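Asker: Attaching a single structure in structure tokens format; questions to follow.
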Amino acid sequence: MTSGAEHVGPAATWDAVDAYFGPLVGEDDVLAAATTRARAAGLPEIQVSPAQGRLLQLLALTAGARRVLEVGTLGGYSTIWLARALPSDGALVTCEIDAAHAAVARESLAQAGLAGVVDIVLGPAADTLRRLVDEGVEPFDLVFVDADKPSNPVYLDLAVRLSRPGTLIVVDNTVRGGAVADAASTDPNVLGVREMVDRVVADPRLDATAVQTVGSKGYDGFVLARVR
Ligand SMILES: C[S@@+](CC[C@H](N)C(=O)[O-])C[C@H]1O[C@@H](n2cnc3c(N)ncnc32)[C@H](O)[C@@H]1O
């Protein structure tokens, strides 16, 4: 079996492949409008791709998730994919530090008919997560971590505290163009990912893997960890 790496082409190829799989992924007008609204508002285009959003949704569906926690809302694009996986009594809490991002997300979630399902909590996510721990909220079934990367170790620890056996924790942007494998890196984003990975490795409660991705935004990936 070959690694397949020799088949990885330039960004134009990745875009063409993403376009080919478009009908399979099935991004609808509401999701496309969320991207358009975020772009018009000048938000950075750092949301998950349609295929990645669909992956998150399928993971939530497969996990039978009723409660989802998201760290890093931006314009609500991944939030919509995830919230659509929830049953009628489901809930999603999403954390965002930037009021302008939260405002755009609020509009897009309303347009998606999800305003009653999603609670956007404005402020530093670590504070929000600590408050949820202190309040003793019902555990979450899936946690998606996609905010400031230096805080990944903190988010992992808090996510585990907000979990139950079977909870799936997904962390985005964990490959960083391959820089995550550079033990000499001083990039705070890389250090945040590496410290988070070390904690996953050291935590006997977590079964985990990493998935490498390519796309028009470059070479990156997810870490997925399931709580025992
Ligand atoms: C990569 S974007 C999220 C993308 C979104 N999950 C999606 O795929 O549609 C990261 C977001 O995290 C927010 N953020 C950064 N630092 C944060 C913090 N300390 N607390 C909460 N949100 C933060 C940023 O403002 C930004 O909107």
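We name chains A, B, ... following the order of the structure tokens; residues begin at 1 in each chain, and ligands are numbered from 1 as shown.
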Step one, run DSSP on the backbone; step two, keep only residues of region 137-217 of chain A assigned to helix (DSSP H, G or I); then write them as number ranges by chain.
Answerer: A: 149-161, 176-181, 188-202
Asker: What are the nearest atom pairs, with distances in Å to one decimal, for all residues of chain A that come at most 10 Å from ligand 1, using only C-alpha atoms and all ligand atoms, set out by chain and rising residue number as a Markdown table?
Answerer:
```
| residue | atom | partner | partner_atom_place_in_ligand_line | distance |
| --- | --- | --- | --- | --- |
| A:Ala34 | CA | ligand 1 | 9 (O) | 9.3 |
| A:Thr35 | CA | ligand 1 | 9 (O) | 8.7 |
| A:Ala38 | CA | ligand 1 | 9 (O) | 9.6 |
| A:Leu43 | CA | ligand 1 | 27 (O) | 8.0 |
| A:Pro44 | CA | ligand 1 | 2 (S) | 8.0 |
| A:Glu45 | CA | ligand 1 | 1 (C) | 8.3 |
| A:Ile46 | CA | ligand 1 | 1 (C) | 5.0 |
| A:Gln47 | CA | ligand 1 | 8 (O) | 3.4 |
| A:Val48 | CA | ligand 1 | 8 (O) | 3.9 |
| A:Ser49 | CA | ligand 1 | 8 (O) | 7.4 |
| A:Pro50 | CA | ligand 1 | 8 (O) | 9.3 |
| A:Gln52 | CA | ligand 1 | 8 (O) | 8.5 |
| A:Gly53 | CA | ligand 1 | 8 (O) | 7.3 |
| A:Leu56 | CA | ligand 1 | 8 (O) | 10.0 |
| A:Glu70 | CA | ligand 1 | 6 (N) | 7.3 |
| A:Val71 | CA | ligand 1 | 21 (C) | 6.2 |
| A:Gly72 | CA | ligand 1 | 12 (O) | 3.5 |
| A:Thr73 | CA | ligand 1 | 5 (C) | 4.7 |
| A:Leu74 | CA | ligand 1 | 27 (O) | 3.2 |
| A:Gly75 | CA | ligand 1 | 9 (O) | 5.9 |
| A:Gly76 | CA | ligand 1 | 9 (O) | 5.2 |
| A:Tyr77 | CA | ligand 1 | 9 (O) | 3.9 |
| A:Ser78 | CA | ligand 1 | 9 (O) | 4.0 |
| A:Thr79 | CA | ligand 1 | 9 (O) | 6.4 |
| A:Ile80 | CA | ligand 1 | 9 (O) | 8.4 |
| A:Trp81 | CA | ligand 1 | 9 (O) | 9.0 |
| A:Thr94 | CA | ligand 1 | 21 (C) | 8.7 |
| A:Cys95 | CA | ligand 1 | 21 (C) | 5.2 |
| A:Glu96 | CA | ligand 1 | 22 (N) | 3.7 |
| A:Ile97 | CA | ligand 1 | 21 (C) | 4.0 |
| A:Asp98 | CA | ligand 1 | 25 (O) | 4.9 |
| A:Ala99 | CA | ligand 1 | 25 (O) | 8.4 |
| A:Ala100 | CA | ligand 1 | 25 (O) | 8.7 |
| A:His101 | CA | ligand 1 | 27 (O) | 5.8 |
| A:Ala102 | CA | ligand 1 | 27 (O) | 7.8 |
| A:Ala105 | CA | ligand 1 | 9 (O) | 9.0 |
| A:Val121 | CA | ligand 1 | 21 (C) | 8.6 |
| A:Leu122 | CA | ligand 1 | 21 (C) | 7.4 |
| A:Gly123 | CA | ligand 1 | 21 (C) | 5.9 |
| A:Pro124 | CA | ligand 1 | 20 (N) | 3.7 |
| A:Ala125 | CA | ligand 1 | 20 (N) | 3.8 |
| A:Ala126 | CA | ligand 1 | 20 (N) | 6.6 |
| A:Asp127 | CA | ligand 1 | 20 (N) | 8.2 |
| A:Thr128 | CA | ligand 1 | 20 (N) | 8.4 |
| A:Leu129 | CA | ligand 1 | 20 (N) | 9.8 |
| A:Phe144 | CA | ligand 1 | 6 (N) | 7.8 |
| A:Val145 | CA | ligand 1 | 6 (N) | 7.6 |
| A:Asp146 | CA | ligand 1 | 6 (N) | 5.2 |
| A:Ala147 | CA | ligand 1 | 12 (O) | 3.6 |
| A:Asp148 | CA | ligand 1 | 16 (N) | 4.2 |
| A:Lys149 | CA | ligand 1 | 16 (N) | 8.0 |
| A:Pro150 | CA | ligand 1 | 16 (N) | 9.3 |
| A:Ser151 | CA | ligand 1 | 19 (N) | 7.4 |
| A:Asn152 | CA | ligand 1 | 19 (N) | 9.9 |
| A:Tyr155 | CA | ligand 1 | 19 (N) | 9.8 |
| A:Asp172 | CA | ligand 1 | 1 (C) | 8.2 |
| A:Asn173 | CA | ligand 1 | 1 (C) | 8.3 |
```
Asker: Please write the residues from the selection above to a file, keeping C-alpha atoms, as a short mmCIF file (atom, residue, chain, number, x, y, z; two decimals), in the first residue's frame.
Answerer:
```
data_model
loop_
_atom_site.label_atom_id
_atom_site.label_comp_id
_atom_site.auth_asym_id
_atom_site.auth_seq_id
_atom_site.Cartn_x
_atom_site.Cartn_y
_atom_site.Cartn_z
CA ALA A 34 -23.60 32.68 6.24
CA THR A 35 -20.26 32.73 4.42
CA ALA A 38 -19.31 36.99 7.14
CA LEU A 43 -14.63 38.73 9.06
CA PRO A 44 -11.48 36.67 8.42
CA GLU A 45 -12.16 33.68 6.17
CA ILE A 46 -10.93 31.08 8.64
CA GLN A 47 -14.08 29.01 9.06
CA VAL A 48 -14.09 25.27 8.42
CA SER A 49 -14.65 24.16 4.85
CA PRO A 50 -18.05 22.77 3.81
CA GLN A 52 -15.21 19.77 7.35
CA GLY A 53 -18.48 21.27 8.58
CA LEU A 56 -18.47 17.75 12.32
CA GLU A 70 -18.06 25.16 20.58
CA VAL A 71 -15.01 27.30 21.37
CA GLY A 72 -14.66 29.93 18.62
CA THR A 73 -17.84 31.00 16.80
CA LEU A 74 -16.60 33.49 14.17
CA GLY A 75 -19.64 33.98 11.87
CA GLY A 76 -21.42 30.83 13.01
CA TYR A 77 -20.60 28.66 10.01
CA SER A 78 -19.45 25.56 11.90
CA THR A 79 -22.11 26.36 14.50
CA ILE A 80 -24.87 25.90 11.91
CA TRP A 81 -23.50 22.55 10.74
CA THR A 94 -20.67 28.64 21.47
CA CYS A 95 -17.99 30.97 22.86
CA GLU A 96 -16.76 34.09 21.07
CA ILE A 97 -14.57 36.94 22.28
CA ASP A 98 -15.27 39.38 19.44
CA ALA A 99 -18.62 41.19 19.62
CA ALA A 100 -18.61 41.93 15.86
CA HIS A 101 -18.12 38.24 15.07
CA ALA A 102 -20.89 37.28 17.48
CA ALA A 105 -23.18 34.79 13.85
CA VAL A 121 -21.60 33.54 24.97
CA LEU A 122 -19.52 36.67 24.49
CA GLY A 123 -16.18 36.85 26.30
CA PRO A 124 -12.95 34.92 26.74
CA ALA A 125 -13.80 31.25 26.23
CA ALA A 126 -11.66 30.06 29.15
CA ASP A 127 -13.75 32.22 31.51
CA THR A 128 -16.99 30.90 29.99
CA LEU A 129 -15.87 27.29 30.29
CA PHE A 144 -15.37 21.59 19.07
CA VAL A 145 -12.29 23.67 19.90
CA ASP A 146 -11.45 26.27 17.24
CA ALA A 147 -10.32 29.56 18.83
CA ASP A 148 -6.94 31.01 19.93
CA LYS A 149 -4.47 28.15 19.57
CA PRO A 150 -2.14 29.05 22.49
CA SER A 151 -5.08 28.35 24.82
CA ASN A 152 -5.65 24.84 23.46
CA TYR A 155 -9.53 24.36 26.52
CA ASP A 172 -9.05 22.16 14.70
CA ASN A 173 -5.85 23.53 13.11
#
```
Asker: Restrict the calculation to only C-alpha atoms, then for each residue of region 115-181 of chain A with any atom at most 7 Å from an atom of region 216-226 of chain A give the closest atom pair and their distance in Å to one decimal, rows by chain and rising residue number, as CSV.
Answerer:
```
residue,atom,partner,partner_atom,distance
A:Gly166,CA,A:Arg226,CA,6.0
A:Thr167,CA,A:Arg226,CA,5.7
A:Leu168,CA,A:Arg226,CA,4.5
A:Ile169,CA,A:Ala225,CA,5.1
A:Val170,CA,A:Leu224,CA,4.6
A:Val171,CA,A:Val223,CA,5.1
A:Asp172,CA,A:Phe222,CA,4.7
A:Asn173,CA,A:Gly221,CA,5.3
A:Thr174,CA,A:Gly221,CA,5.3
A:Val175,CA,A:Asp220,CA,4.4
A:Arg176,CA,A:Asp220,CA,5.0
A:Gly177,CA,A:Tyr219,CA,4.7
```
Asker: Can I get the selected residues back with N, CA and C atoms, as a PDB file, in the first residue's frame?
Answerer:
```
ATOM      1  N   GLY A 166     -17.653   8.987  26.808  1.00  0.00           N
ATOM      2  CA  GLY A 166     -18.204   8.946  25.445  1.00  0.00           C
ATOM      3  C   GLY A 166     -18.169  10.281  24.730  1.00  0.00           C
ATOM      4  N   THR A 167     -17.929  11.358  25.458  1.00  0.00           N
ATOM      5  CA  THR A 167     -17.859  12.679  24.821  1.00  0.00           C
ATOM      6  C   THR A 167     -16.693  12.725  23.832  1.00  0.00           C
ATOM      7  N   LEU A 168     -16.964  13.341  22.676  1.00  0.00           N
ATOM      8  CA  LEU A 168     -15.940  13.496  21.640  1.00  0.00           C
ATOM      9  C   LEU A 168     -15.449  14.945  21.648  1.00  0.00           C
ATOM     10  N   ILE A 169     -14.133  15.121  21.734  1.00  0.00           N
ATOM     11  CA  ILE A 169     -13.518  16.451  21.689  1.00  0.00           C
ATOM     12  C   ILE A 169     -12.752  16.556  20.372  1.00  0.00           C
ATOM     13  N   VAL A 170     -13.081  17.592  19.584  1.00  0.00           N
ATOM     14  CA  VAL A 170     -12.435  17.791  18.282  1.00  0.00           C
ATOM     15  C   VAL A 170     -11.705  19.127  18.335  1.00  0.00           C
ATOM     16  N   VAL A 171     -10.422  19.114  18.002  1.00  0.00           N
ATOM     17  CA  VAL A 171      -9.625  20.343  18.010  1.00  0.00           C
ATOM     18  C   VAL A 171      -9.136  20.612  16.589  1.00  0.00           C
ATOM     19  N   ASP A 172      -9.404  21.821  16.096  1.00  0.00           N
ATOM     20  CA  ASP A 172      -9.055  22.164  14.704  1.00  0.00           C
ATOM     21  C   ASP A 172      -7.678  22.835  14.624  1.00  0.00           C
ATOM     22  N   ASN A 173      -7.123  22.831  13.432  1.00  0.00           N
ATOM     23  CA  ASN A 173      -5.852  23.526  13.108  1.00  0.00           C
ATOM     24  C   ASN A 173      -4.679  22.990  13.913  1.00  0.00           C
ATOM     25  N   THR A 174      -4.567  21.690  13.954  1.00  0.00           N
ATOM     26  CA  THR A 174      -3.558  21.060  14.790  1.00  0.00           C
ATOM     27  C   THR A 174      -2.326  20.598  14.002  1.00  0.00           C
ATOM     28  N   VAL A 175      -2.280  20.867  12.702  1.00  0.00           N
ATOM     29  CA  VAL A 175      -1.123  20.458  11.903  1.00  0.00           C
ATOM     30  C   VAL A 175      -0.280  21.670  11.493  1.00  0.00           C
ATOM     31  N   ARG A 176      -0.966  22.762  11.168  1.00  0.00           N
ATOM     32  CA  ARG A 176      -0.302  24.059  10.946  1.00  0.00           C
ATOM     33  C   ARG A 176       0.788  23.976   9.891  1.00  0.00           C
ATOM     34  N   GLY A 177       0.401  23.446   8.725  1.00  0.00           N
ATOM     35  CA  GLY A 177       1.340  23.339   7.618  1.00  0.00           C
ATOM     36  C   GLY A 177       2.487  22.387   7.902  1.00  0.00           C
TER      37      GLY A 177
END
```
Asker: List as a list in words the protein and nucleic acid residues near Ala91 (chain A), meaning an atom at most 9 Å away when only C-alpha atoms are counted, but skip any in the same chain fewer than 4 places from it.
Answerer: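 Here the qualifying residues turn out to be Arg66, Arg67, Val68, Leu69, Ala83, Leu86, Pro87, Gly116, Val117, Val118 and Asp119 of chain A.
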Asker: Between CA of Pro165 (chain A) and CA of Arg228 (chain A), what is the distance in Å, rounded to a tenth?
Answerer: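 It comes out at 4.8 Å.
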Asker: Could you check which of A:Ala41, A:Ala210, A:Leu142, A:Ala19 is closest to Gly64 (chain A), using only C-alpha atoms?
Answerer: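 Nearest to Gly64 (chain A): A:Leu142.
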Asker: Which of these residues is nearest to Asp134 (chain A), using only C-alpha atoms: A:Leu162, A:Pro188, A:Arg39, A:Pro10?
Answerer: A:Leu162
Asker: Please, what distance in Å, to one decimal, runs between CA of Val104 (chain A) and CA of Ala51 (chain A)?
Answerer: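 Answer for the CA of Val104 (chain A) to CA of Ala51 (chain A) separation: 21.8 Å.
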Asker: Distance CA of Gly192 (chain A)-CA of Val214 (chain A), one decimal place?
Answerer: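 Going from CA of Gly192 (chain A) over to CA of Val214 (chain A), I get 20.8 Å.
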Asker: For a quick check of understanding, using only C-alpha atoms, which of A:Leu59, A:Ala103, A:Ala183, A:Asp29 has the smallest distance to Asp198 (chain A)?
Answerer: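 Ranked by minimum distance to Asp198 (chain A), first place goes to A:Ala183.
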Asker: Among region 10-126 of chain A, which ones does DSSP assign to strand (DSSP E or B) (computed from the backbone)? Answer as a VMD selection string.
Answerer: chain A and resid 67 to 71 91 to 96 118 to 122
